[in-house]
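First the structure, in the form of structure tokens, and then the observations on it.
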Amino acid sequence: MKRSNTHPMDRCQYLPHSFLKRQKIRSIIRNFDLYLMLVPVLAFYIIFKYIPMYGVQIAFRDYNPGIGFLKSPWVGMYHFKRFFSSFRFTRMVINTIMINVYQIIFQFPLPIFFAIIVNEVRKKYFKAFVLNITYMPHFLSTVVLVALISTVTNPEYGIINHLIAVLGGEPIRFLEEVNWFKPIYIISGIWQNMGWSSLIYLGALAGIDPSLYEAAQVDGASKLQQIFRITIPCIIPTIMIMLILKIGGIMDLGVDKVLLMQNDLNIASSDVIPVYVYLTGVRDGNYDYATAIGLFNNIINFVLLLGANRISRKLFDSSLW
Amino acid sequence: MPKKQKRKTTHINNDTILVACIHMLLIIVCIIMIYPLVIVLSNSVSDPIAILEGKVKFLPVGFNMESYRKVFANKDISHSFINSFRYTLVGSLLNVVMTILAAYPLSRKDLVGRNTLMMLITFTMFFSGGMIPTFLVVRSLGMMNTMWAIIVPGVISTYNLIITRTFFQNNIPSELQDAALIDGCSNTKFLLQVVLPLSTTIIVIIAMFYAVGHWNAYFGPIMYFSRKANYPLQVILRDILMSAQSADMATSDTVLSTRFFEIERIKYATIVIASLPMIIIYPFVMKYFEKGVMMGAIKG
């Protein structure tokens, strides 16, 4: 699909510099309406992306809404020190990272596996049927997802506790047990997103040259051998890029799902940084302190992203940039 | 020669077993995927007492549409449904317009400064000021308790911008553009009359992504709205679910227990209504996914 990239402008490289500069200005004038289209776009990125980045300095100030953040006094690392010495700090960092680590171990490989086996289905209608069913949960809201969790795990009438009772066990109040919070979070995440996340791998699988499989069949390779020798190596670059992005978000968690599943009984394992930022910042109004915690989170993510990208570039020759 | 023939047949047998296993596995996956949806649908048309006694395992028991009648009669729910609909419609429309305004110029190879702009935009995907500074900006713009607070701060998703831009780059022939511009067609006219008609696939896809995001939004509304009149359906649904839970904990009280049945009755019907619009639109959109546009998203 990719077209040749030579544009008239690219062919001018042997022309004198002054001519090129004139050409550039002419191009800007000719395309003035394109720049006009970009005005609202840039306004959006400046106001809602770059001004908040600048505003992150309230993490180092004693923010007083009355006098504005630029006049509020500097307090250096005070908010960070307060956060690091708070009794919830270790618990929150561990919970936030562990949920993501579990996601990488259990949730990340499943869409790849699913895409590979769906790709082996030759019956067109069955394939479309399976994909349509598995995409569906992705379109449900988090509120509905949490309602579904509480329905199927309901101790009185939920199917899971019914099965436990059939097997002779005691009913479990899954949503109120500390040790069940993380498994439920991960399993429901798999249920909701396995099908949808496989879309990107199915796209990569569709891009594999069919002649590779034809050659393998002529040589008498079995399906399993084809999967291990052709399919998986061909989608390694896609897998690596998805993994880098996942590692770069190791401190990220959707605020709403944890917020909706959290209660006093499971707080020991559901206490995570993004929710704490929301509760202390937006609800309780400790803007400076909450910004500091958010910044701490973002910096760790960013550093991990850079690290993962570098390692992947060295080992697998695939990277984000 | 006969030896080779034999080897081939055993492989076919192994492959047949593998394919059969794959089919079995996929059927099991489908059942697990569909079960929670079916049980909620069944509960929504069942007798609440039958639900609480655990009689509804798969199909409805004591079929009746009473719960839906109650839901439609509930002012909070119908009002929030209209709110959700409004936010989704206005929000998605603005999203799509802004994303095209960003993606088209940035897809043009002759745009001076395009790489710098692209870098500044992509950077925001990997680093951001965070939740609180963004919240303070929205608040200082006076958007609290208006629908702009949940629409404008996310009016362009950089991810959608990148897939749209990649689509334009790969699907709009540059010869066509050169020819049109030489003939004196302006960029704006070219965008409206040539690019957009050729790009319905990507427009439908990003419109759906945005619409699903707006319809299902919960966190934005609770962060920016403090009045019940503004609440979308998801927030009202959450309130209903929470009151069902608190009523559950005090069922010994007879007044509370009638209330509990009342809530239990409308709970499942509201879940269905809160999910249905997105479940309905997506088969119509699915066919646009066949072209593998998601691939373009990985590398910008």
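Residue numbering restarts at 1 in every chain; chains get A, B, ... in the order shown in the structure tokens, and ligands count up from 1 in that same order.
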
Exercise. Taking only C-alpha atoms into account, which residues of chain B are within 6 Å of chain A, as number ranges by chain?
Worked result: B: 11, 15, 54, 101-102, 105, 128-130, 132-134, 153, 170, 216, 219, 275, 292, 294-295

Could the residues in this selection be saved with N, CA and C atoms as a PDB file, in the first residue's frame?
ATOM      1  N   HIS B  11       0.942 -36.293   9.303  1.00  0.00           N
ATOM      2  CA  HIS B  11       0.904 -34.867   9.599  1.00  0.00           C
ATOM      3  C   HIS B  11      -0.486 -34.303   9.441  1.00  0.00           C
ATOM      4  N   ASP B  15      -2.594 -32.383  12.281  1.00  0.00           N
ATOM      5  CA  ASP B  15      -3.154 -31.063  12.029  1.00  0.00           C
ATOM      6  C   ASP B  15      -4.657 -31.057  12.237  1.00  0.00           C
ATOM      7  N   GLY B  54     -31.712 -17.647  43.488  1.00  0.00           N
ATOM      8  CA  GLY B  54     -30.720 -18.340  42.677  1.00  0.00           C
ATOM      9  C   GLY B  54     -31.321 -19.253  41.629  1.00  0.00           C
ATOM     10  N   LEU B 101      -8.882  17.845  11.294  1.00  0.00           N
ATOM     11  CA  LEU B 101      -8.148  19.109  11.153  1.00  0.00           C
ATOM     12  C   LEU B 101      -6.678  18.942  11.536  1.00  0.00           C
ATOM     13  N   ALA B 102      -6.408  18.035  12.456  1.00  0.00           N
ATOM     14  CA  ALA B 102      -5.019  17.805  12.846  1.00  0.00           C
ATOM     15  C   ALA B 102      -4.347  16.832  11.891  1.00  0.00           C
ATOM     16  N   PRO B 105      -3.463  18.089   7.652  1.00  0.00           N
ATOM     17  CA  PRO B 105      -2.240  18.869   7.395  1.00  0.00           C
ATOM     18  C   PRO B 105      -0.974  18.084   7.746  1.00  0.00           C
ATOM     19  N   SER B 128       2.905  13.508  30.599  1.00  0.00           N
ATOM     20  CA  SER B 128       1.850  14.511  30.743  1.00  0.00           C
ATOM     21  C   SER B 128       1.949  15.171  32.103  1.00  0.00           C
ATOM     22  N   GLY B 129       1.287  16.297  32.240  1.00  0.00           N
ATOM     23  CA  GLY B 129       1.304  17.016  33.497  1.00  0.00           C
ATOM     24  C   GLY B 129       0.577  16.244  34.594  1.00  0.00           C
ATOM     25  N   GLY B 130      -0.295  15.356  34.186  1.00  0.00           N
ATOM     26  CA  GLY B 130      -1.017  14.557  35.161  1.00  0.00           C
ATOM     27  C   GLY B 130      -2.419  15.065  35.406  1.00  0.00           C
ATOM     28  N   ILE B 132      -4.068  16.272  38.132  1.00  0.00           N
ATOM     29  CA  ILE B 132      -4.411  17.474  38.902  1.00  0.00           C
ATOM     30  C   ILE B 132      -4.166  18.760  38.114  1.00  0.00           C
ATOM     31  N   PRO B 133      -2.974  18.943  37.491  1.00  0.00           N
ATOM     32  CA  PRO B 133      -2.795  20.174  36.710  1.00  0.00           C
ATOM     33  C   PRO B 133      -3.848  20.317  35.607  1.00  0.00           C
ATOM     34  N   THR B 134      -4.215  19.208  34.950  1.00  0.00           N
ATOM     35  CA  THR B 134      -5.252  19.284  33.920  1.00  0.00           C
ATOM     36  C   THR B 134      -6.583  19.709  34.535  1.00  0.00           C
ATOM     37  N   PRO B 153     -11.263  18.756  27.100  1.00  0.00           N
ATOM     38  CA  PRO B 153      -9.903  18.324  27.462  1.00  0.00           C
ATOM     39  C   PRO B 153      -9.436  17.068  26.722  1.00  0.00           C
ATOM     40  N   ASN B 170      -1.364   6.780   3.486  1.00  0.00           N
ATOM     41  CA  ASN B 170      -1.316   5.566   2.682  1.00  0.00           C
ATOM     42  C   ASN B 170      -2.409   5.488   1.638  1.00  0.00           C
ATOM     43  N   ASN B 216     -19.440   5.552  27.636  1.00  0.00           N
ATOM     44  CA  ASN B 216     -19.051   4.769  28.802  1.00  0.00           C
ATOM     45  C   ASN B 216     -18.339   5.579  29.878  1.00  0.00           C
ATOM     46  N   PHE B 219     -15.356   8.412  34.925  1.00  0.00           N
ATOM     47  CA  PHE B 219     -14.430   9.182  35.740  1.00  0.00           C
ATOM     48  C   PHE B 219     -14.506  10.686  35.450  1.00  0.00           C
ATOM     49  N   SER B 275     -25.854  -0.433  28.316  1.00  0.00           N
ATOM     50  CA  SER B 275     -24.900  -1.111  27.434  1.00  0.00           C
ATOM     51  C   SER B 275     -25.398  -1.227  26.006  1.00  0.00           C
ATOM     52  N   GLY B 292      -7.595  -3.752   8.309  1.00  0.00           N
ATOM     53  CA  GLY B 292      -6.381  -3.770   9.123  1.00  0.00           C
ATOM     54  C   GLY B 292      -5.794  -2.407   9.417  1.00  0.00           C
ATOM     55  N   MET B 294      -5.683  -0.895  12.116  1.00  0.00           N
ATOM     56  CA  MET B 294      -5.032  -0.807  13.417  1.00  0.00           C
ATOM     57  C   MET B 294      -3.519  -0.896  13.283  1.00  0.00           C
ATOM     58  N   MET B 295      -3.062  -1.562  12.250  1.00  0.00           N
ATOM     59  CA  MET B 295      -1.634  -1.749  12.074  1.00  0.00           C
ATOM     60  C   MET B 295      -0.897  -0.417  11.987  1.00  0.00           C
TER      61      MET B 295
END

Exercise. Interatomic distance between CA of Leu205 (chain A) and CA of Met208 (chain B)?
Worked result: 24.0 Å

Seminar exercise, completed: In Å and to one decimal, CA of Val178 (chain A) is distant from CA of Leu241 (chain B) by 21.2 Å

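Counting only C-alpha atoms and comparing B:Ala50, B:Val204, B:Met125, B:Val155, the residue that lies closest to Phe289 (chain B) is B:Val204.
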
Problem set entry | Length of the CA of Cys185 (chain B) to CA of Ile205 (chain B) vector [Å] |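 If I compute the distance from CA of Cys185 (chain B) to CA of Ile205 (chain B), I get 28.1 Å.
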
Exercise. Pick the closest to Phe167 (chain B) from B:Ile206, B:Ala229, B:Met119, B:Ala180: which is it, counting only C-alpha atoms?
Worked result: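 Among the listed residues, the smallest separation from Phe167 (chain B) belongs to B:Ile206.
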
Exercise. Where in region 139-320 of chain A does DSSP assign alpha helix (DSSP H), given as a PyMOL selection string?
Worked result: chain A and resi 142-152+159-166+181-206+210-218+223-226+232-247+255-261+267-270+273-278+287-316
